[in-house]
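I have placed the structure first, in the form of structure tokens, so that the comments after it can refer back to it.
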Amino acid sequence: MSSKRIAVIASVVFLLLLTGCWNRRELGELAFVSAIGVDLVPGKDLLRVSYQIVIPSEVTSGPLGGGGGKNSPIVVYSETGSTMFEISRKVSPKVPRDMFFSHVRLVVIGESLARKGINDLFDELERSNEIRYTARVAIARGTTAENVISTLTPMEKIPANANVGKMDFSEKDWGHSLRVNYDDVINKLTTKGSEPVISGLTKQGEASGERIATLQDAKPSAYTKNGGLAMFKNGKMLRWVDGEEAAGTVWLMNKMKSTVLNVDWEGTKAAVAIKVSRSRTKVEAKWREGKPVIHVSIKEEGDIREARIPVAIEDERVIARLEQALAEETRKKVWAALHLAQKEKTDIFGFGGAVNRADPQAWDQIKDNWNEMLPSTQIDLSIEAFIRQPGMITSPHHPEQGKK
């Protein structure tokens with residue numbers, strides 16, 4: 001038999017062995033879910049789950065970015081039931097396509113459900129083989145998760161993308177919120193000596209935010225924004241953390257990327273604005289006389305961005321004093337967060353993990369009572385601050401007052 005004939009026969013055999021894609025899903029038959037909102041039905045032990053679904057024809061046209069479409073770029077379908085899986089099936093008669101969850105970017109949990117507990121919720125989500133671990137998680141503050149994912153947003157057509165962007169850039173520029181992924185929450189819930197902290201999303205404005213008309217004004221009548229940090233204990237939300245305590249929390253979790261601190265100078269409050277551009281937090285634990293001691297060290301760098309009074313920035317001694325003032329402002333915020341966590345008896349900073357690394361056998365003896373031990377645990381805090389740049393100028397624009 002010739003080699004040519006053998007090649008032909010082999011090709012036919014291989015073609016017969018090839019199978020089709022038995023579980024294929026046609027693109028035109030899919031409904032892309034971009035966000036999920038989960039609420040607790042008031043007065044009942046039931047869930048209300050909402051699905052934000054992208055309308056492809058409106059994403060490429062419309063008032064938010066070219067074209068002449070006048071409809072919403074998303075549609076939200078909701079249903080009520082006992083479990084997430086049941087609800088995903090109950091909502092299917094409302095959706096003309098097969099819901100596809102691999103593009104979910106945001107999971108929003110209602111505050112009442114978060115206070116009841118989120119362990120069961122994440123059990124179902126983790127069992128799903130579609131939702132990606134990189135999806136963001138947020139808690140709806142002062143409103144429902146359904147309202148949050150139903151509110152249309154300017155600049156970004158898909159609200160899920162807008163809300164994820166707000167959380168990401170708020171963490172990057174302001175330092176009072178956290179970018180929390182789906183797998184971050186799971187890891188915190190399943191690790192002894194650690195509790196989750198999740199950013200909040202709230203809705204502002206009197207309008208419902210569900211109509212495209214809310215985006216046709218320079219000042220939207222309804223919009224969403226970041227709203228603090230949700231503190232958890234044993235899988236249940238305890239309270240909201242704001243202001244200095246929120247910033248201190250971000251610092252202690254080694255998540256501080258950038259923020260602004262105003263320091264006092266020569267009796268003037270908030271005289272100099274300093275942008276913290278780099279920060280690193282290191283947590284270690286040591287055992288002393290049979291008890292764990294937590295050592296927290298923070299090194300940060302900043303740039304001077306504004307001076308409201310004459311400050312001789314070109315003087316190295318002045319820079320040294322400003323560095324000390326910067327460290328003290330940071331210290332106030334970090335201690336505020338530490339005292340709050342000790343008061344609530346919840347280890348949101350993962351100190352238990354450091355204690356475990358220092359002595360695993362000793363940790364096994366105390367891990368079940370760690371939260372109760374936290375208020376009496378000694379914590380040593382050291383902060384080093386460095387000012388690297390004075391900005392584009394040195395002396396502030398106060399020539400008539402002279403330099404101090």
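By convention in this document, the chains of the structure tokens carry letters A, B, ... by their order, each chain's residues are numbered from 1, and ligands are numbered from 1 in the order they are shown.
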
Could you produce a table of the residues of range 47-165 of chain A lying within 12 Å of range 232-255 of chain A, with the nearest pair of atoms per residue and their separation in Å rounded to one decimal, using only C-alpha atoms, ordered by chain and increasing residue number, as CSV?
```
residue,atom,partner,partner_atom,distance
A:Ile109,CA,A:Met237,CA,11.0
A:Gly110,CA,A:Met237,CA,10.8
A:Glu111,CA,A:Met237,CA,8.0
A:Ser112,CA,A:Met237,CA,8.9
A:Leu113,CA,A:Lys236,CA,8.7
A:Ala114,CA,A:Met237,CA,5.4
A:Arg115,CA,A:Met237,CA,4.4
A:Lys116,CA,A:Lys236,CA,5.9
A:Gly117,CA,A:Lys236,CA,4.2
A:Ile118,CA,A:Gly235,CA,5.8
A:Asn119,CA,A:Gly235,CA,5.9
A:Asp120,CA,A:Gly235,CA,9.4
A:Leu121,CA,A:Gly235,CA,10.4
A:Phe122,CA,A:Gly235,CA,10.2
A:Asp123,CA,A:Gly235,CA,12.0
A:Ile139,CA,A:Met237,CA,9.7
A:Ala140,CA,A:Trp240,CA,11.2
A:Arg141,CA,A:Trp240,CA,8.9
A:Gly142,CA,A:Trp240,CA,10.9
```

Env of Gly302 in chain A: 9 Å cut, atoms = only C-alpha atoms, seq-sep filter 5 positions within chain, self excluded. Answer as an MDAnalysis selection string. chainID A and resid 258 260 274:279 323 326 385:389

Selected residues written out, C-alpha atoms, as a PDB file, in the first residue's frame:
```pdb
ATOM      1  CA  SER A 258      -2.024  56.592  48.345  1.00  0.00           C
ATOM      2  CA  VAL A 260      -3.664  62.746  51.667  1.00  0.00           C
ATOM      3  CA  ILE A 274       1.091  65.768  52.122  1.00  0.00           C
ATOM      4  CA  LYS A 275       0.344  63.031  49.635  1.00  0.00           C
ATOM      5  CA  VAL A 276       1.389  59.609  50.895  1.00  0.00           C
ATOM      6  CA  SER A 277       2.599  57.921  47.731  1.00  0.00           C
ATOM      7  CA  ARG A 278       4.188  54.758  49.123  1.00  0.00           C
ATOM      8  CA  SER A 279       3.546  52.754  52.256  1.00  0.00           C
ATOM      9  CA  GLU A 323       8.170  63.994  58.579  1.00  0.00           C
ATOM     10  CA  LEU A 326       3.286  63.043  59.071  1.00  0.00           C
ATOM     11  CA  ALA A 385       7.837  58.758  57.475  1.00  0.00           C
ATOM     12  CA  PHE A 386       9.943  60.306  54.733  1.00  0.00           C
ATOM     13  CA  ILE A 387       9.192  63.341  52.575  1.00  0.00           C
ATOM     14  CA  ARG A 388      10.840  62.878  49.196  1.00  0.00           C
ATOM     15  CA  GLN A 389       9.653  65.830  47.117  1.00  0.00           C
TER      16      GLN A 389
END
```

Going by DSSP on the backbone, which residues of range 64-276 of chain A come out as helix (DSSP H, G or I)? List them as a PyMOL selection string. chain A and resi 84-90+92-94+111-116+119-127+145-150+159-173+182-189+212-215+243-252

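Nearest residue to Thr377 in chain A, choosing from A:Arg331, A:Arg321, A:Lys291, A:Lys343 and counting only C-alpha atoms: A:Lys291.
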
Going by DSSP on the backbone, which residues of range 82-210 of chain A come out as strand (DSSP E)? List them as a PyMOL selection string. chain A and resi 98-100+106-110+136-140+197-204

Would you output that residue set with C-alpha atoms, as a JSON list (two decimals), in the first residue's frame?
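Contents of the output file selection.json:
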```
[["chain", "number", "residue", "atom", "x", "y", "z"],
["A", 98, "ASP", "CA", -29.28, 31.59, 28.73],
["A", 99, "MET", "CA", -27.69, 33.48, 31.63],
["A", 100, "PHE", "CA", -23.88, 33.43, 31.45],
["A", 106, "LEU", "CA", -19.45, 42.65, 40.97],
["A", 107, "VAL", "CA", -21.39, 40.91, 43.74],
["A", 108, "VAL", "CA", -23.32, 43.30, 46.00],
["A", 109, "ILE", "CA", -24.69, 42.05, 49.32],
["A", 110, "GLY", "CA", -27.51, 43.83, 51.12],
["A", 136, "ARG", "CA", -15.40, 42.35, 43.30],
["A", 137, "VAL", "CA", -17.56, 42.16, 46.43],
["A", 138, "ALA", "CA", -19.32, 45.10, 48.10],
["A", 139, "ILE", "CA", -21.95, 45.72, 50.78],
["A", 140, "ALA", "CA", -24.97, 47.91, 49.97],
["A", 197, "VAL", "CA", -13.47, 43.71, 55.64],
["A", 198, "ILE", "CA", -15.60, 44.68, 52.63],
["A", 199, "SER", "CA", -16.11, 48.08, 51.00],
["A", 200, "GLY", "CA", -19.55, 49.64, 50.96],
["A", 201, "LEU", "CA", -21.55, 51.02, 48.04],
["A", 202, "THR", "CA", -24.37, 53.45, 48.60],
["A", 203, "LYS", "CA", -26.85, 55.26, 46.36],
["A", 204, "GLN", "CA", -27.09, 59.05, 46.46]]
```

In terms of the shortest atom-to-atom distance over only C-alpha atoms, which of A:Ala145, A:Leu27, A:Ile6, A:Val95 is closest to Leu40 in chain A?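 Of the candidates, the smallest distance to Leu40 in chain A is held by A:Ala145.
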
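Pairwise distance (CA of Lys192 in chain A, CA of Ala341 in chain A) equals 16.0 Å.
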
Using CA of Val293 in chain A and CA of Gln378 in chain A as the two end points, give the distance in Å to one decimal.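 So the answer is 5.2 Å.
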
Give me, please, the distance in Å between CA of Val75 in chain A and CA of Met167 in chain A, quoted to one decimal. 22.4 Å

Quick one: everything within 9 Å of Lys166 in chain A, counting only C-alpha atoms, minus sequence neighbours fewer than 3 positions away in the same chain. Send it as a VMD selection string. chain A and resid 161 to 163 169 to 171 224 to 226
